[in-house]
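This is data.txt (compact mmCIF, C-alpha atoms).
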```txt
# COMPACT_ATOMS: atom_id res chain seq x y z
CA MET A 55 6.98 -6.83 10.91
CA PRO A 56 6.71 -3.43 12.57
CA VAL A 57 3.74 -3.05 14.92
CA ILE A 58 3.06 0.50 13.79
CA GLY A 59 2.29 1.15 10.17
CA MET A 60 0.93 3.85 7.93
CA GLY A 61 -2.54 3.49 6.48
CA SER A 62 -2.80 4.49 2.86
CA ALA A 63 -6.49 5.27 2.50
CA PRO A 64 -6.23 8.43 0.42
CA ASP A 65 -7.70 11.83 0.80
CA PHE A 66 -9.87 11.48 -2.29
CA THR A 67 -9.41 15.16 -3.14
CA CYS A 68 -5.76 14.65 -4.10
CA LYS A 69 -4.13 11.25 -4.65
CA LYS A 70 -0.81 12.94 -5.47
CA ASP A 71 -0.53 14.06 -1.86
CA ASN A 72 -0.99 10.45 -0.75
CA LYS A 73 2.02 9.33 -2.81
CA GLU A 74 4.16 12.15 -1.45
CA ALA A 75 3.03 11.35 2.10
CA ILE A 76 4.09 7.73 1.68
CA VAL A 77 7.57 8.68 0.42
CA GLU A 78 7.90 11.05 3.37
CA ALA A 79 6.78 8.29 5.73
CA VAL A 80 9.62 6.10 4.40
CA ARG A 81 12.02 9.00 5.08
CA GLN A 82 10.65 9.05 8.65
CA ASP A 83 11.44 5.32 9.03
CA TYR A 84 7.99 3.84 8.46
CA ARG A 85 8.37 0.34 7.04
CA HIS A 86 4.84 -1.07 7.35
CA PHE A 87 2.11 0.18 5.01
CA ASP A 88 -1.52 -0.87 4.95
CA THR A 89 -3.81 -0.72 1.94
CA ALA A 90 -6.93 -2.27 0.43
CA THR A 91 -8.39 -2.50 -3.04
CA ALA A 92 -11.49 -0.72 -1.74
CA TYR A 93 -9.35 2.28 -0.74
CA GLY A 94 -8.14 2.77 -4.31
CA SER A 95 -4.67 3.44 -2.95
CA GLU A 96 -2.73 0.37 -4.07
CA GLN A 97 -1.30 1.95 -7.22
CA ALA A 98 -0.18 5.13 -5.42
CA LEU A 99 1.35 3.04 -2.64
CA GLY A 100 3.24 0.90 -5.16
CA GLU A 101 4.49 3.95 -7.04
CA ALA A 102 5.58 5.66 -3.83
CA LEU A 103 7.44 2.61 -2.54
CA LYS A 104 9.11 2.13 -5.93
CA GLU A 105 10.22 5.77 -5.82
CA ALA A 106 11.55 5.37 -2.28
CA ILE A 107 13.53 2.29 -3.34
CA GLU A 108 14.91 4.09 -6.42
CA LEU A 109 15.94 7.03 -4.21
CA GLY A 110 17.88 4.60 -2.04
CA LEU A 111 15.78 5.33 1.04
CA VAL A 112 14.88 1.69 1.62
CA THR A 113 15.14 -1.77 0.08
CA ARG A 114 12.16 -3.97 -0.77
CA GLN A 115 13.29 -6.43 1.89
CA ASP A 116 12.79 -3.71 4.54
CA LEU A 117 9.14 -3.12 3.64
CA PHE A 118 5.94 -4.78 4.85
CA VAL A 119 2.71 -4.20 2.94
CA THR A 120 -0.60 -5.47 4.29
CA SER A 121 -3.93 -5.48 2.53
CA LYS A 122 -7.43 -6.81 3.09
CA LEU A 123 -9.83 -9.17 1.42
CA TRP A 124 -12.99 -7.09 1.34
CA VAL A 125 -16.14 -8.67 2.74
CA THR A 126 -17.85 -8.53 -0.65
CA HIS A 127 -15.12 -10.84 -2.02
CA ASN A 128 -15.29 -13.33 0.83
CA LEU A 129 -16.84 -16.10 -1.26
CA PRO A 130 -14.81 -19.09 -2.49
CA HIS A 131 -15.06 -18.22 -6.18
CA LEU A 132 -14.12 -14.55 -5.59
CA VAL A 133 -11.11 -14.89 -3.25
CA LEU A 134 -8.35 -15.67 -5.77
CA PRO A 135 -9.46 -13.06 -8.35
CA ALA A 136 -9.62 -10.41 -5.61
CA LEU A 137 -6.16 -11.31 -4.31
CA ARG A 138 -4.70 -11.29 -7.81
CA LYS A 139 -6.16 -7.85 -8.44
CA SER A 140 -4.71 -6.64 -5.14
CA ILE A 141 -1.14 -7.68 -5.92
CA GLN A 142 -0.95 -6.55 -9.57
```
Turn this file's structure into structure tokens for me.
Amino acid sequence: MPVIGMGSAPDFTCKKDNKEAIVEAVRQDYRHFDTATAYGSEQALGEALKEAIELGLVTRQDLFVTSKLWVTHNLPHLVLPALRKSIQ
């Protein structure tokens, strides 16, 4: 897994720019992307990585996506639902 990655916490004024920035990051050889449900960026990240794969810029096997279990979900009965929501 690459040591350096791109964070995907969006500029909340324009989520479209976040998607475009992620595709450009793939063009610039970024392969590690960080997200979190609390950022609200998981869908844009997924769409951007799908687009990058469809454009032939990268394969899924080349990519590393990390996320976080938010502290408010760090209770036994909340962990699995939070993780499932994160990977939808």
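Closest approach to A:Gln115 among A:Arg81, A:Val133, A:Asn72, A:Met55 is made by A:Met55 (distances from only C-alpha atoms).
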For this session: Measuring atom to atom with all atoms listed in the file, identify which of A:Val57, A:Val119, A:Thr91, A:Ala79 is nearest to A:Pro135.
Result: A:Thr91
For this session: Would you mind listing what lies within 9 Å of A:Leu123 as a list in words, with all atoms listed in the file counted and same-chain residues fewer than 4 positions away left out?
Result: Ala90, Thr91, His127, Asn128, Val133, Ala136, Leu137 and Ser140 of chain A
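Remark: for A:His86, the closest of the candidate residues A:Gly110, A:Pro56, A:Pro130, A:Gly100 is A:Pro56 (distances computed over all atoms listed in the file).
Residues in contact with A:Asp116 at up to 12 Å, not including ones fewer than 4 positions away on its chain and judged by all atoms listed in the file, are Met55, Pro56, Val80, Asp83, Tyr84, Arg85, His86, Phe87, Leu103, Ala106, Ile107, Gly110, Leu111 and Val112 of chain A.
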For this session: For A:Tyr93, list every protein, DNA or RNA residue within 12 Å, evaluated using only C-alpha atoms, and leave out those in the same chain fewer than 3 positions away; present the list as JSON, numbers by chain.
Result: {"A": [61, 62, 63, 64, 65, 66, 69, 72, 88, 89, 90, 96, 97, 98, 99, 121, 122, 123, 124, 140]}
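Separating atom CA of A:Phe118 from atom CA of A:Leu132 is a distance of 24.6 Å.
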Problem set entry | Between atom CA of A:Arg138 and atom CA of A:Val77 - distance in Å to one decimal | 24.8 Å
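Straight-line separation from atom CA of A:Gly59 to atom CA of A:Leu117: 10.4 Å.
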Seminar exercise, completed: Shortest contact to A:Lys73, candidates A:Ile141, A:Leu109, A:Ala102, A:Val125, atoms counted all atoms listed in the file, goes to A:Ala102
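With only C-alpha atoms as the atoms that count, the residue of A:Glu108, A:Gln82, A:Arg114, A:Asp71 with the shortest distance to A:Ser95 is A:Asp71.
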